[in-house]
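Data first, discussion second: the structure below is written as structure tokens.
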Amino acid sequence: MVKRVLMVAFHFPPLRGSSGIQRTLKFVQYLPTLGWQPLVLSAHPRAYANQGPDQMGEIPPGTVVARAWALDAARHLSWRGRYVGWTALPDRFASWTLGALPAALGLVRRHRPQVIWSTFPIASATLIGLLLHKLTGLPWIADFRDPMTDDGYPEHPRVWRVWRWIERQAVRQAAHVVCTTPGAVVTYRTRYPEIPAERFVVIENGYDEENFRDASQAAPQAAPGQPLTLVHSGIIYPSERDPVPLFRALAELKAEGAIDAARLQIRLRATAHDEYVGKLLAEHGISDLVHLAPHIAYRAALAEMLSADGLLVLQASNCNHQIPAKLYEYLRAGRPILALTDAAGDTAAALRAAGVDTIAPLDDKDGIKRGLLQFLALAAAGQAPLPGAAAVAGATRRARATQLAELLDSLLPQSQRAPAALAGPTEEA
């Protein structure tokens, strides 16, 4: 008997620019080798503001992919930048639900999956998973990754109430709720003490060795005599990764003569908030030290990590129960890491477990100054701590897919848990 899982994921190629793509894509790549055939339910590419063919070739041949009708309320349903609020509940892609349900029921009818899996942070995906569970009776795994809600998140009270309702229903009705950090599991066990603790499971993010193998061939060699280059790869959220204390620290160090553009260059790659960040750089007079760089293809971004003198992490204390997905790629890159984050959070704990202790608080300008100068001195001397081999080896996407396959198997009768040969047509809808 072929074992199939229906995977509800908004973030999937040809979408670009989201680390969430890698989680679903790598599960889709590795689950067939573990006895599970994925059926992917995603959104029509029109819903993606940023798309390209970069990773389309990584979708395994024969994978069933249904791309359901979907709109982005902010782009397709707005007039002069404004749109009716209910069209964006629970999020801007609420219309996806209308297309996803009939498409998913068609997949269920034709391919008979045994389990439903949905993945946040698009709340509509969790809602779709919930509705499909109710309509089909199939067991459901809700992949929350980070907590759906928190105090003050989402900021809008009405959106918060809708998200908290979806979260509550998912926790009560899903067979398992998957988080990416131990702290997130603690949050949910505390928030819902009536739910059996074993319902909450950790499957962390990771890196893909094959992608790094390809990227290593394209990694440029650093020319001698160049300034030390520190790279931040990915989105800079104004709150969760507030760069203002860092920019203040850099401005003061520059004024004191402790750093200059001839010795240090910081590259912020694909911030998604270039206008906001660019204004801050100009205000602090550090545009010669810190440069904004556009989005590049995924493997090119990995190659950049491999060739950087150092890699920069930004993670505020309001995200202590989260770990940036990029962190695992940073670990695999094997370069020195400067983490500006709360020492009590999960990000700092993961780094310390990997042997990296170059950590300073993101919200403390003076702490950043001390931490940055120490890091630069260690890096210049070739003494900055590097991630340990054991920690790196244990963080592969293949290992995470094995965990998911075991979780899927646990929802089947014992007689159906043995791996099976897989086959199936490709479908685009």
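How things are named: the first chain in the structure tokens is A, the next is B, and so on; residues count from 1 in each chain; ligands count from 1 in the order shown.
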
If you count only C-alpha atoms, which residues fall within 10 Å of A:Gly285, apart from same-chain ones fewer than 5 positions away, as JSON, numbers by chain?
{"A": [247, 248, 250, 251, 254, 255, 279, 280, 290]}

Using only C-alpha atoms, which protein or nucleic acid residues come within 12 Å of A:His76? Drop anything in the same chain fewer than 4 positions from it, and give the result as a PDB file with C-alpha atoms, in the first residue's frame.
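Dumped to around-v5.pdb:
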ATOM      1  CA  ARG A  46      -0.226  34.997  -8.981  1.00  0.00           C
ATOM      2  CA  ALA A  47      -0.398  35.213  -5.175  1.00  0.00           C
ATOM      3  CA  TYR A  48       3.400  35.578  -4.976  1.00  0.00           C
ATOM      4  CA  ALA A  49       4.814  39.089  -5.241  1.00  0.00           C
ATOM      5  CA  ALA A  70      -5.553  32.517  -4.753  1.00  0.00           C
ATOM      6  CA  LEU A  71      -5.228  36.301  -4.617  1.00  0.00           C
ATOM      7  CA  ASP A  72      -3.188  38.695  -2.501  1.00  0.00           C
ATOM      8  CA  ARG A  80      -5.224  53.233  -3.710  1.00  0.00           C
ATOM      9  CA  GLY A  81      -3.413  51.027  -1.243  1.00  0.00           C
ATOM     10  CA  ARG A  82      -6.470  50.178   0.876  1.00  0.00           C
ATOM     11  CA  TYR A  83      -8.637  47.063   0.942  1.00  0.00           C
ATOM     12  CA  VAL A  84     -11.644  45.820   2.909  1.00  0.00           C
ATOM     13  CA  THR A  87     -10.835  40.149   2.595  1.00  0.00           C
ATOM     14  CA  ALA A  88      -7.617  39.704   4.576  1.00  0.00           C
ATOM     15  CA  ARG A  92      -3.902  38.635   2.883  1.00  0.00           C
ATOM     16  CA  PHE A  93      -4.244  35.245   1.203  1.00  0.00           C
ATOM     17  CA  SER A  95      -9.031  33.835  -0.832  1.00  0.00           C
TER      18      SER A  95
END

DSSP on the backbone, strand (DSSP E or B) only: what residues of stretch 1-32 of chain A does that give? Format it as number ranges by chain.
A: 3-8, 15

Rounded to one decimal in Å, what is the spacing between atom CA of A:Leu98 and atom CA of A:Trp36?
27.4 Å

Could you name the residues that touch A:Val115 at 10 Å or less, counting only C-alpha atoms, but leaving out those on the same chain fewer than 4 positions away, as an mmCIF file with N, CA and C atoms, in the first residue's frame?
data_model
loop_
_atom_site.group_PDB
_atom_site.id
_atom_site.type_symbol
_atom_site.label_atom_id
_atom_site.label_comp_id
_atom_site.auth_asym_id
_atom_site.auth_seq_id
_atom_site.Cartn_x
_atom_site.Cartn_y
_atom_site.Cartn_z
ATOM 1 N N LYS A 3 1.795 4.932 0.861
ATOM 2 C CA LYS A 3 1.443 5.890 1.915
ATOM 3 C C LYS A 3 1.571 7.298 1.346
ATOM 4 N N ARG A 4 0.520 8.078 1.492
ATOM 5 C CA ARG A 4 0.513 9.424 0.935
ATOM 6 C C ARG A 4 0.141 10.434 2.015
ATOM 7 N N VAL A 5 0.755 11.608 1.931
ATOM 8 C CA VAL A 5 0.441 12.701 2.836
ATOM 9 C C VAL A 5 0.086 13.933 2.001
ATOM 10 N N LEU A 6 -1.036 14.559 2.309
ATOM 11 C CA LEU A 6 -1.444 15.801 1.657
ATOM 12 C C LEU A 6 -0.813 16.967 2.405
ATOM 13 N N MET A 7 0.069 17.719 1.727
ATOM 14 C CA MET A 7 0.844 18.775 2.362
ATOM 15 C C MET A 7 0.314 20.139 1.910
ATOM 16 N N VAL A 108 -7.821 14.322 -2.467
ATOM 17 C CA VAL A 108 -8.202 13.251 -1.541
ATOM 18 C C VAL A 108 -8.984 12.174 -2.278
ATOM 19 N N HIS A 133 -9.446 18.512 7.697
ATOM 20 C CA HIS A 133 -9.566 17.481 8.737
ATOM 21 C C HIS A 133 -11.034 17.235 9.083
ATOM 22 N N GLY A 137 -12.114 13.723 7.854
ATOM 23 C CA GLY A 137 -11.868 12.834 8.974
ATOM 24 C C GLY A 137 -10.449 12.288 9.033
ATOM 25 N N LEU A 138 -9.579 12.728 8.110
ATOM 26 C CA LEU A 138 -8.201 12.246 8.107
ATOM 27 C C LEU A 138 -7.416 12.869 9.266
ATOM 28 N N PRO A 139 -6.473 12.128 9.848
ATOM 29 C CA PRO A 139 -5.637 12.714 10.897
ATOM 30 C C PRO A 139 -4.816 13.868 10.340
ATOM 31 N N TRP A 140 -4.554 14.847 11.190
ATOM 32 C CA TRP A 140 -3.939 16.104 10.743
ATOM 33 C C TRP A 140 -2.760 16.452 11.635
ATOM 34 N N ILE A 141 -1.646 16.809 11.000
ATOM 35 C CA ILE A 141 -0.480 17.353 11.705
ATOM 36 C C ILE A 141 -0.401 18.835 11.377
ATOM 37 N N ALA A 175 -3.753 15.848 15.417
ATOM 38 C CA ALA A 175 -3.139 14.707 16.099
ATOM 39 C C ALA A 175 -1.819 15.110 16.730
ATOM 40 N N LEU A 408 4.429 10.673 10.910
ATOM 41 C CA LEU A 408 3.359 10.233 10.012
ATOM 42 C C LEU A 408 3.040 8.763 10.233
ATOM 43 N N ASP A 409 4.069 7.937 10.341
ATOM 44 C CA ASP A 409 3.857 6.502 10.562
ATOM 45 C C ASP A 409 3.082 6.236 11.853
ATOM 46 N N LEU A 411 0.670 7.643 13.014
ATOM 47 C CA LEU A 411 -0.771 7.857 12.868
ATOM 48 C C LEU A 411 -1.453 6.749 12.071
ATOM 49 N N LEU A 412 -0.673 5.777 11.615
ATOM 50 C CA LEU A 412 -1.223 4.674 10.823
ATOM 51 C C LEU A 412 -1.378 3.416 11.666
#

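The coordinates place atom CA of A:Val231 at 8.5 Å from atom CA of A:Gln265.
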
Give me the residues near stretch 382-385 of chain A as a PyMOL selection string, where near means some atom within 9 Å (using only C-alpha atoms) and where sequence neighbours in that chain fewer than 3 positions away do not count.
chain A and resi 335-337+355-358+375-379+388

For A:Leu39, find every residue with an atom within 12 Å (counting only C-alpha atoms), except residues of its own chain fewer than 4 positions away, and show them as a compact mmCIF listing (two decimals) with N, CA and C atoms, in the first residue's frame.
# COMPACT_ATOMS: atom_id res chain seq x y z
N LYS A 3 1.80 4.93 0.86
CA LYS A 3 1.44 5.89 1.91
C LYS A 3 1.57 7.30 1.35
N ARG A 4 0.52 8.08 1.49
CA ARG A 4 0.51 9.42 0.93
C ARG A 4 0.14 10.43 2.02
N VAL A 5 0.75 11.61 1.93
CA VAL A 5 0.44 12.70 2.84
C VAL A 5 0.09 13.93 2.00
N LEU A 6 -1.04 14.56 2.31
CA LEU A 6 -1.44 15.80 1.66
C LEU A 6 -0.81 16.97 2.41
N MET A 7 0.07 17.72 1.73
CA MET A 7 0.84 18.78 2.36
C MET A 7 0.31 20.14 1.91
N VAL A 8 -0.23 20.90 2.85
CA VAL A 8 -0.80 22.23 2.57
C VAL A 8 0.27 23.27 2.89
N ALA A 9 0.80 23.92 1.86
CA ALA A 9 1.93 24.84 2.05
C ALA A 9 1.82 26.01 1.09
N THR A 24 9.23 22.92 3.48
CA THR A 24 8.33 22.05 2.74
C THR A 24 9.03 21.37 1.57
N LEU A 25 9.84 22.13 0.83
CA LEU A 25 10.50 21.57 -0.35
C LEU A 25 11.39 20.40 0.02
N PHE A 27 11.16 18.46 2.73
CA PHE A 27 10.32 17.33 3.11
C PHE A 27 9.82 16.60 1.87
N VAL A 28 9.41 17.37 0.86
CA VAL A 28 8.91 16.77 -0.38
C VAL A 28 10.01 15.97 -1.07
N GLN A 29 11.24 16.43 -1.00
CA GLN A 29 12.36 15.71 -1.63
C GLN A 29 12.68 14.41 -0.91
N LEU A 31 10.86 12.72 1.77
CA LEU A 31 9.84 11.78 2.25
C LEU A 31 9.67 10.55 1.37
N PRO A 32 9.76 10.65 0.01
CA PRO A 32 9.62 9.43 -0.80
C PRO A 32 10.65 8.35 -0.46
N ILE A 59 11.85 20.30 -7.26
CA ILE A 59 10.65 19.51 -7.00
C ILE A 59 10.83 18.16 -7.69
N PRO A 60 10.80 17.06 -6.97
CA PRO A 60 11.09 15.76 -7.59
C PRO A 60 10.11 15.45 -8.72
N GLY A 62 7.45 13.67 -10.88
CA GLY A 62 6.36 12.80 -10.45
C GLY A 62 5.61 13.29 -9.23
N THR A 63 6.09 14.40 -8.62
CA THR A 63 5.39 14.92 -7.44
C THR A 63 4.06 15.54 -7.86
N VAL A 64 2.99 15.18 -7.19
CA VAL A 64 1.68 15.76 -7.45
C VAL A 64 1.63 17.13 -6.79
N VAL A 65 1.45 18.18 -7.59
CA VAL A 65 1.38 19.55 -7.09
C VAL A 65 0.12 20.21 -7.62
N ALA A 66 -0.78 20.62 -6.73
CA ALA A 66 -1.99 21.35 -7.10
C ALA A 66 -1.83 22.79 -6.65
N ARG A 67 -1.94 23.72 -7.58
CA ARG A 67 -1.78 25.15 -7.26
C ARG A 67 -3.17 25.79 -7.36
N ALA A 103 -9.85 21.98 -4.48
CA ALA A 103 -8.66 21.33 -5.05
C ALA A 103 -8.19 20.21 -4.14
N ALA A 104 -8.20 20.44 -2.83
CA ALA A 104 -7.75 19.42 -1.88
C ALA A 104 -8.70 18.22 -1.86
N LEU A 105 -9.98 18.50 -1.89
CA LEU A 105 -10.93 17.38 -1.89
C LEU A 105 -10.78 16.53 -3.14
N GLY A 106 -10.43 17.18 -4.26
CA GLY A 106 -10.14 16.42 -5.47
C GLY A 106 -8.92 15.54 -5.30
N LEU A 107 -7.88 16.06 -4.67
CA LEU A 107 -6.69 15.26 -4.40
C LEU A 107 -7.01 14.08 -3.49
N VAL A 108 -7.82 14.32 -2.47
CA VAL A 108 -8.20 13.25 -1.54
C VAL A 108 -8.98 12.17 -2.28
N ARG A 110 -8.91 11.41 -5.50
CA ARG A 110 -8.12 10.69 -6.51
C ARG A 110 -6.96 9.89 -5.93
N HIS A 111 -6.34 10.41 -4.86
CA HIS A 111 -5.08 9.81 -4.40
C HIS A 111 -5.16 9.18 -3.02
N ARG A 112 -6.23 9.38 -2.29
CA ARG A 112 -6.46 8.72 -1.01
C ARG A 112 -5.30 8.86 -0.02
N PRO A 113 -4.92 10.09 0.33
CA PRO A 113 -3.87 10.23 1.35
C PRO A 113 -4.36 9.74 2.71
N GLN A 114 -3.42 9.32 3.53
CA GLN A 114 -3.76 8.84 4.88
C GLN A 114 -3.65 9.93 5.95
N VAL A 115 -2.89 11.01 5.64
CA VAL A 115 -2.65 12.05 6.63
C VAL A 115 -2.65 13.41 5.93
N ILE A 116 -3.09 14.45 6.65
CA ILE A 116 -3.00 15.83 6.21
C ILE A 116 -1.91 16.52 7.03
N TRP A 117 -1.09 17.32 6.37
CA TRP A 117 -0.05 18.12 7.03
C TRP A 117 -0.16 19.54 6.51
N SER A 118 -0.21 20.52 7.40
CA SER A 118 -0.25 21.92 6.97
C SER A 118 0.84 22.69 7.70
N ALA A 423 4.83 5.58 -6.50
CA ALA A 423 4.67 6.01 -7.89
C ALA A 423 3.46 6.90 -7.98
N GLY A 424 3.45 7.76 -8.98
CA GLY A 424 2.28 8.61 -9.14
C GLY A 424 2.51 9.68 -10.17
N PRO A 425 1.46 10.14 -10.81
CA PRO A 425 1.59 11.12 -11.88
C PRO A 425 1.80 12.52 -11.33
N THR A 426 2.36 13.38 -12.15
CA THR A 426 2.46 14.80 -11.82
C THR A 426 1.17 15.48 -12.20
N GLU A 427 0.71 16.39 -11.36
CA GLU A 427 -0.54 17.08 -11.62
C GLU A 427 -0.35 18.55 -11.30
N GLU A 428 -0.71 19.42 -12.20
CA GLU A 428 -0.71 20.85 -11.97
C GLU A 428 -2.14 21.36 -12.11

Closest to A:Pro13 among A:Leu41, A:Leu230, A:Leu34, A:Leu135, using only C-alpha atoms?
A:Leu41

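Candidate residues A:Asp151, A:Ala142, A:Tyr298, A:Thr187 were compared for distance to A:Arg16, and the nearest is A:Tyr298, using only C-alpha atoms.
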
Stretch 308-320 of chain A: which residues within 7 Å, counting only C-alpha atoms, same-chain residues fewer than 2 positions away excluded, as a list of chain:residue names?
A:Leu228, A:Thr229, A:Leu230, A:Val231, A:His232, A:Glu240, A:Arg241, A:Glu304, A:Met305, A:Leu306, A:Gln322, A:Tyr330, A:Arg335, A:Pro336, A:Ile337, A:Leu338, A:Ala339, A:Leu340, A:Thr341, A:Asp342, A:Gly345, A:Asp346, A:Leu362

Which of stretch 113-310 of chain A end up as alpha helix (DSSP H) when DSSP is run on this backbone - answer as a PyMOL selection string?
chain A and resi 123-136+157-173+182-191+209-216+244-255+274-284+298-307

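The closest residue to A:Ala249, picked from A:Lys369, A:Arg189, A:Ala391, A:Ser42 and counting only C-alpha atoms, is A:Lys369.
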
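Distance annotation: of A:Ile259, A:Leu268, A:Ala343, A:Ala303, the residue with the minimal separation from A:Asp364 is A:Ala343; atom set is only C-alpha atoms.
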
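Counting only C-alpha atoms and comparing A:His273, A:Lys365, A:Arg332, A:Arg267, the residue that lies closest to A:Leu292 is A:Arg267.
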
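The space between atom CA of A:Ser287 and atom CA of A:Tyr237 spans 19.1 Å.
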
Who sits within 12 Å of A:Gln403, only C-alpha atoms, same chain under 5 positions skipped, as a ChimeraX atom specification
/A:27,30-31,34,178,201-205,394-398,408-410
